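**Student:** Next up is a structure, given as C-alpha cells.
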Amino acid sequence: MYDLGNQFVLDLTKAKANPASVVKGEKYRFTILTERLIRLQYSENGVFEDSPTELVWCRNFPKPRFNVIDKGSNIVIETSYFSLSYVKEAPFTGSVMNKSSNLRIDLLSVDRAWYYGHPEAKNYGAPVFQKNGVALDDPEYNMKGLYSLDGFASIDDSNSNLLNARGNCVARSNKEIDVYVFMYSKDFSAALKDYYQLTGYPALIPRYALGNWWSRNDTYDDEKLDNLIENFDNHHIPISVLMLDKDWHIRAYENNKHLKTGFTFNGDLFRNPSDLVKKIHSRGIRLGVNINPVEGFYPIDSYYKEAKKYLETNTEVIPFNVYDPKTLDVYLKIFIHPLDNYGIDFFWLDWYDKTRVNELTLLKHYHFYDMMRNFKRRPMIYGYNSRVAAHRYPVLYAGKSVVSWQTLANIPFFNSRAANIGVSWWSHDIGGYFNGCEDNELYERYIQLGTFSPILKLSADEGRFYKREPWRWDIRTYAIAREFLTLRHRLVPYIYAEAYNYHKYGIPVIQPVYYNFPELIDDDLYKNEYYFGSQIFVCPIVTKKDPVMNRVIHKFFLPEGTWYNLLTGKKYLGKKKHLSFFRNEEYPVYVKSGAIIPMALHANINETTVPKNMEIQIFPGASNSYNLYEDDGVSDLYLQGYSLITKIEYNYLPNNYTVIIRPVEGKTGIVPEKRNYFIRFKNTKKSEDVQAFIKSSKIECNTRVDGSDFVVEIKDVPTTEQLTLNCKGKDIEIDAIRIVLEDIEEIISDLPILTDQKDAVYNLLTDTTMKKDKKRIELHKLGKAKNAYDKKYTQLFLQLLEYIDQIQ
C-alpha cells in the first residue's frame, strides 16, 4: 500500500454502515440510511462492498425508524416516507415498458413509485458545463441530479472505484449492483442533507474567492501585471483574485511551442516568482495559475531530472498516470510543492475529457487534499465539473462561452439547476469569453448578474478588442461596472456567512424559485429567478432594453411577503407577478421586509478580510435576526473552533425599532477588538429619539439622512459586548408609493413628446380618484387627440398604469 501522506488518509469506519440499519439475505443487502435514503445491493456471490468509493465516503448513519415485514418469499421495509417490497434473493429487475419488478419502492401518500430500471424522466438534471449552441438539456453537458418532480431519484454507484485506507484509488474486484435511492417526496432540502452526509459536506471556500476575479488568456509579464493592478487601483475597482492562463510557464519544447503542460515559471516573463507573489499579496490580491499534467513531464521543467530518478520510463517525456500512486506522489512533491512554496494560492486544473472524467475526479481530489498537508491553508481548486461529488472540490468552471445575450440568459438557469446535485460554487466568464460582439448594455448586465452570482470572474480570450476592463468603456458603463463590482466586495460578509451555512448545514447558496413554487419550473419568464442566500432574491435581466422607454421592461415573480428592491428601496407585494422598468444602472434584486444585510467598508478596496468598518442594511416592516459567521477566511483554524458568530437582531414596530448586535458563539480574536458600525435603515425617515448602549451604558452615536435612508454611526464598539440601538418616532417608514411616482415621473420626463402631454399623462396616471378601467379609456383618448403622440407611447403608458396598480 503506497503512502501518499496523512492528508489523504480515510476513516474506513465511517464507510461501514450501522449494522442495526442493515437488512440482508444471501444475495441482497439493504441499508436504511435515513427515512428517505436506502442503499440497495445485489451480488450473485453474496459479497458486498463496505469500502469508501469515489462518491460515497460515509454510510455510518444513526439508525432511522423503520419496520421490516417478512412475508415469506417477499420482504417489505417501511419508513415514514416509503414502502419497499422485494422478492427475496431475486435479481433486481425492471423495465421502462413493464413496471412490474422484483424490487419496487412506493412513496407514501402519493401515487408514485420507483422500481429498478425506472427511467426517472421527471428528473430535472444538473449542469456539467456550458457549451455554446447546445440546448441546455443536452445530455452530453448535463447529468442526473437529485431534484425530480416525482419526488425521488437514484444514484448508481456500482462502477465507481474504491479508496483504501491510505487514500489510494483501487478498482472494484467484485461485481455487484450498488444503488442509492432518495425517496423524499416534497422534502428536497432533507434529501440534499442526506446526500451531503453520504458523500461529504460542501467545502468552505476561502473568503477571497468571493470577491472579483480577473482572468485573461494573455501573455502577462511583470510589467503587464503591475500595470493591470495599477489600473484597477487607479480606477477604484476592487479585485481579489488574479488567475494566470497557460503562458505563465515554459511551453516550448522542440517543435511544440504551445504545450499545455508545464510547471516552471517562464523566466523571460517573470524574473522572480516569489517576489511577484509577495507583491500581489501585498495589494490584498490572491494568485491562481493554470496547470494541466495530462501531457506528462517534459525536460523543460526545472525538476524534470529529479522526477526521472523516481519514475522509470522508456520515453523522454514522463507520462502522467493519476491512478499510479507513485506517479501522483512525484507529481505533487516534485512539481506542485515548489509552486506552493512561492505562495501560489490555488491551481486551475485546466483539463476535461468526457471519456476520462474519473481521472479528473481523482486529480481534483488529490490536489484538494494535498493542500491540507502542512500549510494549514484553506484548500481551493478551480476546474471543470468531473460529475462525482463536485461540491467537495470547489470552484467549478462552466467552460468558455460566446459573448452573447443567449449566454447571459443561460447563466442563472445554469447556476440554479446546479443546486439539484448540491453544487453552489460555479464560475462563468463574466462578459463572455470569445466571439460575439462587444456591447455596453450586455456588459453591464453581465456585471450585474455576476454581482449576485456564486463567483464573479471577469474573463476573456486573447485579443485586444475584448473589453473586460471597466475603464475601456464609456463613462456611464464604467460607472455602472465600478458601482456593482464595488458592491460585490461590500457583500462579502453576507456571502461568506451564507457560504458557511452551505458548508455546515447543507443549504445551497443559490436555490431556484421552483423549489418553493414548482409550477414555475417550465415558465420561461420566471424559472431563472433564484434565492441568493437567505436574504436576497434575484430576478435577472437577460434581455435588451426597450428603445422607446430606454429601459428594460421586465416581468418577474416575487414569493409571499413584502419585498424591497435592494438598490432603490421600491416596495412590492409578494406572491404575485409584477411588471417593472429598469434603467441601465438598476437591477431587479430584492430583499424581504425585515431583511438584514451585513456589508464591509474596507480602506483597501481589494481586501476581503474580516472588516473593522461594517455597514448593516436593515429593511423595515418585520422583525428578523441574522447570524453573521466570521473566521480568518484562509486557514483551517475554523475546524478547531476559531470562528465567531455574531447575532444581529431587529425588533420592529412601526414607530419604535431596536437593533441588538451580540456575539453568541465562538472565540475572541477572530474579528477586530473594536468595530465601527454604520447601521443603515432603508426607506426610513430621520428618527429624533436615538439611543445606543454597550451593555447598560449609554454611548454616543451620530445620525444622518442619506437619500431615503436613515443612518446611525456608532464607533469603537467592543465586538465581545452587546450593542443595543433604539430608534423612536412617528411615521418613520417612507411611503413606497412616493418612490414609485418619482420613477414614473422620470420615465415620462425622458420621452420625446410635448411637455403639456407629459403633464396630462402624469396627472391621469397618478389620479387616486379614478378607477383603473376609466384611466385606460382616457389614455386611449389622449393618444387619439389632435397632435397626439405616436401610438407606441399609448402602449407604454398602459404598462405604466399596470406598474402603479401592482404597487398600490
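In the C-alpha cells, each chain is lettered A, B, ... as it comes, each chain's residues begin at 1, and ligands are numbered from 1 in order of appearance.
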Hey, what's within 10 Å of A:His428 if we count only C-alpha atoms and toss same-chain stuff fewer than 4 positions away? As a VMD selection string, please?
**Tutor:** chain A and resid 129 to 130 396 to 401 407 to 408 411 414 to 415 432 to 433 450 453 to 459
**Student:** Just to be explicit: take each residue in the selection above, keep N, CA and C atoms, and write the result as an mmCIF file, in the first residue's frame.
**Tutor:**
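Generated output (out_33.cif):
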data_model
loop_
_atom_site.group_PDB
_atom_site.id
_atom_site.type_symbol
_atom_site.label_atom_id
_atom_site.label_comp_id
_atom_site.auth_asym_id
_atom_site.auth_seq_id
_atom_site.Cartn_x
_atom_site.Cartn_y
_atom_site.Cartn_z
ATOM 1 N N PHE A 129 -21.187 21.278 -17.759
ATOM 2 C CA PHE A 129 -20.565 22.537 -18.154
ATOM 3 C C PHE A 129 -21.371 23.135 -19.289
ATOM 4 N N GLN A 130 -21.015 24.364 -19.654
ATOM 5 C CA GLN A 130 -21.764 25.114 -20.651
ATOM 6 C C GLN A 130 -21.132 24.912 -22.025
ATOM 7 N N LEU A 396 -16.036 25.329 -9.508
ATOM 8 C CA LEU A 396 -16.222 24.729 -10.820
ATOM 9 C C LEU A 396 -16.249 25.799 -11.908
ATOM 10 N N TYR A 397 -15.700 25.442 -13.059
ATOM 11 C CA TYR A 397 -15.686 26.341 -14.218
ATOM 12 C C TYR A 397 -16.680 25.827 -15.247
ATOM 13 N N ALA A 398 -17.572 26.700 -15.703
ATOM 14 C CA ALA A 398 -18.631 26.285 -16.611
ATOM 15 C C ALA A 398 -18.161 26.123 -18.048
ATOM 16 N N GLY A 399 -16.985 26.642 -18.386
ATOM 17 C CA GLY A 399 -16.463 26.492 -19.736
ATOM 18 C C GLY A 399 -16.497 27.780 -20.536
ATOM 19 N N LYS A 400 -15.678 27.824 -21.575
ATOM 20 C CA LYS A 400 -15.566 29.024 -22.407
ATOM 21 C C LYS A 400 -16.886 29.308 -23.119
ATOM 22 N N SER A 401 -17.295 30.565 -23.098
ATOM 23 C CA SER A 401 -18.617 30.909 -23.603
ATOM 24 C C SER A 401 -18.555 32.053 -24.607
ATOM 25 N N THR A 407 -25.974 33.556 -24.021
ATOM 26 C CA THR A 407 -25.105 33.044 -22.965
ATOM 27 C C THR A 407 -25.488 33.647 -21.624
ATOM 28 N N LEU A 408 -25.724 34.949 -21.606
ATOM 29 C CA LEU A 408 -26.143 35.614 -20.372
ATOM 30 C C LEU A 408 -27.421 34.985 -19.829
ATOM 31 N N ILE A 411 -26.934 31.657 -17.877
ATOM 32 C CA ILE A 411 -26.180 31.598 -16.620
ATOM 33 C C ILE A 411 -27.072 31.395 -15.393
ATOM 34 N N PHE A 414 -28.491 27.932 -15.367
ATOM 35 C CA PHE A 414 -27.385 27.007 -15.110
ATOM 36 C C PHE A 414 -27.066 26.958 -13.619
ATOM 37 N N ASN A 415 -26.860 28.124 -13.006
ATOM 38 C CA ASN A 415 -26.469 28.188 -11.594
ATOM 39 C C ASN A 415 -27.531 27.604 -10.674
ATOM 40 N N GLY A 432 -18.529 37.135 -21.114
ATOM 41 C CA GLY A 432 -18.345 36.196 -22.211
ATOM 42 C C GLY A 432 -16.872 36.031 -22.513
ATOM 43 N N TYR A 433 -16.484 34.873 -23.055
ATOM 44 C CA TYR A 433 -15.069 34.576 -23.263
ATOM 45 C C TYR A 433 -14.571 34.924 -24.668
ATOM 46 N N GLY A 450 -23.303 38.960 -12.375
ATOM 47 C CA GLY A 450 -22.146 38.420 -11.680
ATOM 48 C C GLY A 450 -22.077 38.860 -10.230
ATOM 49 N N SER A 453 -24.002 36.408 -8.223
ATOM 50 C CA SER A 453 -23.725 35.028 -8.612
ATOM 51 C C SER A 453 -22.726 34.430 -7.624
ATOM 52 N N PRO A 454 -22.565 33.109 -7.620
ATOM 53 C CA PRO A 454 -21.635 32.491 -6.664
ATOM 54 C C PRO A 454 -20.218 33.028 -6.782
ATOM 55 N N ILE A 455 -19.696 33.085 -8.016
ATOM 56 C CA ILE A 455 -18.339 33.566 -8.277
ATOM 57 C C ILE A 455 -18.419 34.617 -9.380
ATOM 58 N N LEU A 456 -17.668 35.714 -9.217
ATOM 59 C CA LEU A 456 -17.629 36.753 -10.243
ATOM 60 C C LEU A 456 -16.230 36.785 -10.841
ATOM 61 N N LYS A 457 -16.114 36.262 -12.056
ATOM 62 C CA LYS A 457 -14.815 36.198 -12.719
ATOM 63 C C LYS A 457 -14.879 36.905 -14.062
ATOM 64 N N LEU A 458 -14.245 38.075 -14.166
ATOM 65 C CA LEU A 458 -14.099 38.754 -15.444
ATOM 66 C C LEU A 458 -13.080 37.985 -16.270
ATOM 67 N N SER A 459 -13.441 37.643 -17.495
ATOM 68 C CA SER A 459 -12.561 36.770 -18.267
ATOM 69 C C SER A 459 -12.773 36.981 -19.757
#
**Student:** For the contact check between stretch 188-274 of chain A and stretch 174-180 of chain A, emit one row per residue of stretch 188-274 of chain A within 12 Å, containing the shortest atom pair and the distance in Å rounded to one decimal, counting only C-alpha atoms, chain then rising number order, as JSON lines.
**Tutor:**
{"residue": "A:Ala191", "atom": "CA", "partner": "A:Tyr180", "partner_atom": "CA", "distance": 11.7}
{"residue": "A:Asp194", "atom": "CA", "partner": "A:Tyr180", "partner_atom": "CA", "distance": 10.9}
{"residue": "A:Tyr195", "atom": "CA", "partner": "A:Tyr180", "partner_atom": "CA", "distance": 9.7}
{"residue": "A:Leu198", "atom": "CA", "partner": "A:Tyr180", "partner_atom": "CA", "distance": 9.9}
{"residue": "A:Thr199", "atom": "CA", "partner": "A:Tyr180", "partner_atom": "CA", "distance": 11.5}
**Student:** Could those residues be written to a file, using all heavy atoms, as a compact mmCIF listing (two decimals), in the first residue's frame?
**Tutor:**
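What ended up in out07.txt:
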# COMPACT_ATOMS: atom_id res chain seq x y z
N ALA A 191 -33.36 15.72 1.51
CA ALA A 191 -32.64 14.80 0.62
C ALA A 191 -31.22 15.31 0.35
O ALA A 191 -30.27 14.51 0.32
CB ALA A 191 -33.40 14.65 -0.70
N ASP A 194 -29.11 14.48 3.31
CA ASP A 194 -28.76 13.06 3.26
C ASP A 194 -27.60 12.82 2.29
O ASP A 194 -26.67 12.06 2.57
CB ASP A 194 -29.96 12.22 2.82
CG ASP A 194 -31.07 12.18 3.87
OD1 ASP A 194 -30.81 12.56 5.03
OD2 ASP A 194 -32.19 11.78 3.51
N TYR A 195 -27.68 13.47 1.14
CA TYR A 195 -26.64 13.34 0.12
C TYR A 195 -25.29 13.84 0.63
O TYR A 195 -24.25 13.20 0.42
CB TYR A 195 -27.07 14.10 -1.12
CG TYR A 195 -26.04 14.16 -2.22
CD1 TYR A 195 -25.70 13.03 -2.96
CD2 TYR A 195 -25.42 15.37 -2.55
CE1 TYR A 195 -24.77 13.09 -3.98
CE2 TYR A 195 -24.48 15.43 -3.57
CZ TYR A 195 -24.16 14.30 -4.28
OH TYR A 195 -23.23 14.36 -5.28
N LEU A 198 -23.80 11.50 3.10
CA LEU A 198 -23.33 10.30 2.41
C LEU A 198 -21.99 10.55 1.70
O LEU A 198 -21.08 9.71 1.73
CB LEU A 198 -24.38 9.86 1.39
CG LEU A 198 -24.12 8.58 0.60
CD1 LEU A 198 -24.30 7.35 1.50
CD2 LEU A 198 -25.08 8.50 -0.59
N THR A 199 -21.85 11.71 1.08
CA THR A 199 -20.71 11.97 0.20
C THR A 199 -19.71 12.98 0.77
O THR A 199 -18.62 13.15 0.21
CB THR A 199 -21.21 12.52 -1.15
OG1 THR A 199 -21.92 13.75 -0.93
CG2 THR A 199 -22.14 11.52 -1.83
**Student:** What parts of stretch 312-511 of chain A does DSSP call strand (DSSP E or B)? I'd like the answer as an MDAnalysis selection string.
**Tutor:** chainID A and resid 318 346:349 377 381:383 396:397 402 426:427 429:430 434 456:460 510:511
**Student:** Give the answer as one residue: which of A:Arg662, A:Ala121, A:Lys682, A:Thr766 has the shortest atom-to-atom distance to A:Leu723, using only C-alpha atoms?
**Tutor:**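 Residue with the minimum atom-to-atom distance to A:Leu723: A:Arg662.
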**Student:** Which distance in Å separates atom CA of A:Tyr762 and atom CA of A:Glu778, to one decimal?
**Tutor:**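 The value is 12.0 Å.
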**Student:** Run DSSP on the backbone and grab whatever in stretch 405-562 of chain A lands in helix (DSSP H, G or I); send it over as a VMD selection string.
**Tutor:** chain A and resid 405 to 421 440 to 451 470 to 472 475 to 490 492 to 505 513 to 515 518 to 520
**Student:** Would you pick out the contacts of A:Arg680 at 12 Å or less, using only C-alpha atoms, so that residues sharing its chain but fewer than 5 positions from it are not included, and give the list as a PyMOL selection string?
**Tutor:** chain A and resi 595-599+614-620+659+685-686+702-714+725
**Student:** Give the answer as one residue: which of A:Lys71, A:Arg29, A:His235, A:Lys792 has the shortest atom-to-atom distance to A:Arg472, using only C-alpha atoms?
**Tutor:** A:His235
**Student:** Residues near stretch 247-249 of chain A, anyone? I mean within 10 Å using only C-alpha atoms, not counting same-chain ones fewer than 4 positions away, as a list of chain:residue names.
**Tutor:**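 Here the answer would be A:Asn217, A:Asp218, A:Thr219, A:Tyr220, A:Asp221, A:Met243, A:His258, A:Leu259, A:Lys260, A:Thr261, A:Gly262, A:Phe263, A:Thr264, A:Phe265, A:Asn266, A:Gly267, A:Asp268, A:Leu269, A:Phe270, A:Val289, A:Asn290, A:Ile291, A:Ile300, A:Asp301.
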**Student:** Report, in Å to a single decimal, how far apart atom CA of A:Phe581 and atom CA of A:Thr543 are.
**Tutor:**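 Computed distance, atom CA of A:Thr543 to atom CA of A:Phe581, equals 12.2 Å.
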**Student:** Please provide the set of residues having any atom within 10 Å of A:Pro299, restricted to only C-alpha atoms, with same-chain residues fewer than 2 positions apart removed, written as a ChimeraX atom specification.
**Tutor:** /A:253,262,297,301-305,308,316-318
**Student:** Can you pull out the residues contacting A:Phe556? Cut-off 10 Å, using only C-alpha atoms, and skip same-chain residues under 6 positions away; I want them as a compact mmCIF listing (two decimals) with all heavy atoms, in the first residue's frame.
**Tutor:**
# COMPACT_ATOMS: atom_id res chain seq x y z
N LEU A 525 -40.49 32.91 -18.30
CA LEU A 525 -40.38 34.26 -17.73
C LEU A 525 -39.80 34.25 -16.32
O LEU A 525 -39.15 35.20 -15.91
CB LEU A 525 -41.76 34.93 -17.70
CG LEU A 525 -42.29 35.45 -19.03
CD1 LEU A 525 -43.71 35.97 -18.86
CD2 LEU A 525 -41.39 36.54 -19.60
N TYR A 526 -40.04 33.18 -15.57
CA TYR A 526 -39.75 33.22 -14.14
C TYR A 526 -38.81 32.11 -13.65
O TYR A 526 -38.31 32.19 -12.53
CB TYR A 526 -41.06 33.16 -13.34
CG TYR A 526 -42.08 34.16 -13.83
CD1 TYR A 526 -43.25 33.74 -14.46
CD2 TYR A 526 -41.87 35.52 -13.69
CE1 TYR A 526 -44.19 34.66 -14.92
CE2 TYR A 526 -42.80 36.44 -14.13
CZ TYR A 526 -43.96 36.00 -14.76
OH TYR A 526 -44.87 36.91 -15.21
N LYS A 527 -38.55 31.08 -14.45
CA LYS A 527 -37.79 29.93 -13.94
C LYS A 527 -36.33 30.28 -13.64
O LYS A 527 -35.66 29.55 -12.94
CB LYS A 527 -37.86 28.77 -14.93
CG LYS A 527 -37.12 29.01 -16.24
CD LYS A 527 -37.27 27.82 -17.18
CE LYS A 527 -36.51 28.03 -18.49
NZ LYS A 527 -36.72 26.89 -19.41
N ASN A 528 -35.84 31.41 -14.18
CA ASN A 528 -34.46 31.81 -13.94
C ASN A 528 -34.27 32.51 -12.60
O ASN A 528 -33.14 32.82 -12.22
CB ASN A 528 -33.97 32.74 -15.05
CG ASN A 528 -33.60 31.98 -16.31
OD1 ASN A 528 -33.61 30.76 -16.32
ND2 ASN A 528 -33.30 32.70 -17.36
N GLU A 529 -35.32 32.83 -11.89
CA GLU A 529 -35.20 33.55 -10.62
C GLU A 529 -34.65 32.62 -9.55
O GLU A 529 -34.86 31.40 -9.58
CB GLU A 529 -36.57 34.09 -10.21
CG GLU A 529 -37.14 35.08 -11.21
CD GLU A 529 -38.51 35.59 -10.83
OE1 GLU A 529 -39.07 35.10 -9.81
OE2 GLU A 529 -39.04 36.46 -11.52
N VAL A 538 -33.20 37.17 -6.53
CA VAL A 538 -32.75 37.79 -7.77
C VAL A 538 -33.67 37.41 -8.93
O VAL A 538 -33.99 36.23 -9.12
CB VAL A 538 -31.30 37.37 -8.11
CG1 VAL A 538 -30.80 38.09 -9.35
CG2 VAL A 538 -30.38 37.64 -6.92
N CYS A 539 -34.09 38.41 -9.69
CA CYS A 539 -34.92 38.22 -10.88
C CYS A 539 -34.14 38.74 -12.08
O CYS A 539 -34.35 39.88 -12.53
CB CYS A 539 -36.24 38.96 -10.74
SG CYS A 539 -37.14 38.63 -9.21
N PRO A 540 -33.19 37.98 -12.61
CA PRO A 540 -32.18 38.52 -13.52
C PRO A 540 -32.73 39.10 -14.81
O PRO A 540 -33.70 38.60 -15.38
CB PRO A 540 -31.28 37.32 -13.79
CG PRO A 540 -32.11 36.13 -13.46
CD PRO A 540 -33.03 36.55 -12.37
N ILE A 541 -32.06 40.14 -15.28
CA ILE A 541 -32.36 40.74 -16.59
C ILE A 541 -31.46 40.08 -17.63
O ILE A 541 -30.24 40.10 -17.51
CB ILE A 541 -32.11 42.26 -16.57
CG1 ILE A 541 -33.17 42.96 -15.71
CG2 ILE A 541 -32.14 42.84 -17.98
CD1 ILE A 541 -32.94 44.44 -15.53
N LYS A 576 -47.05 37.25 -6.18
CA LYS A 576 -47.72 37.73 -7.38
C LYS A 576 -46.68 38.09 -8.42
O LYS A 576 -45.49 38.24 -8.12
CB LYS A 576 -48.62 38.92 -7.08
CG LYS A 576 -47.89 40.13 -6.53
CD LYS A 576 -48.86 41.28 -6.19
CE LYS A 576 -49.57 41.79 -7.41
NZ LYS A 576 -50.35 43.01 -7.12
N LYS A 577 -47.14 38.26 -9.66
CA LYS A 577 -46.28 38.62 -10.77
C LYS A 577 -46.32 40.13 -10.98
O LYS A 577 -47.35 40.76 -10.79
CB LYS A 577 -46.71 37.87 -12.04
CG LYS A 577 -46.57 36.36 -11.89
CD LYS A 577 -47.18 35.60 -13.06
CE LYS A 577 -47.05 34.09 -12.84
NZ LYS A 577 -47.69 33.32 -13.92
N HIS A 578 -45.16 40.67 -11.37
CA HIS A 578 -45.03 42.11 -11.49
C HIS A 578 -44.47 42.49 -12.85
O HIS A 578 -43.82 41.69 -13.53
CB HIS A 578 -44.08 42.66 -10.41
CG HIS A 578 -44.61 42.54 -9.02
ND1 HIS A 578 -45.38 43.52 -8.44
CD2 HIS A 578 -44.49 41.57 -8.10
CE1 HIS A 578 -45.71 43.15 -7.20
NE2 HIS A 578 -45.17 41.96 -6.98
N LEU A 579 -44.71 43.74 -13.22
CA LEU A 579 -44.11 44.36 -14.38
C LEU A 579 -43.41 45.62 -13.91
O LEU A 579 -44.00 46.44 -13.20
CB LEU A 579 -45.17 44.71 -15.42
CG LEU A 579 -44.69 45.52 -16.64
CD1 LEU A 579 -43.86 44.64 -17.55
CD2 LEU A 579 -45.88 46.11 -17.39
N SER A 580 -42.14 45.79 -14.28
CA SER A 580 -41.42 46.98 -13.86
C SER A 580 -40.43 47.38 -14.95
O SER A 580 -40.28 46.70 -15.96
CB SER A 580 -40.70 46.74 -12.53
OG SER A 580 -40.31 47.96 -11.95
N PRO A 588 -33.10 44.16 -10.84
CA PRO A 588 -34.18 43.58 -10.02
C PRO A 588 -33.68 42.56 -9.01
O PRO A 588 -33.77 41.35 -9.20
CB PRO A 588 -35.10 42.94 -11.06
CG PRO A 588 -34.19 42.60 -12.20
CD PRO A 588 -33.12 43.65 -12.22
**Student:** Extract, using only C-alpha atoms, all DNA, RNA and protein residues at most 9 Å from A:Ser80, discarding same-chain residues fewer than 3 positions from it, and format them as a ChimeraX atom specification.
**Tutor:** /A:35-36,65-66,83,108
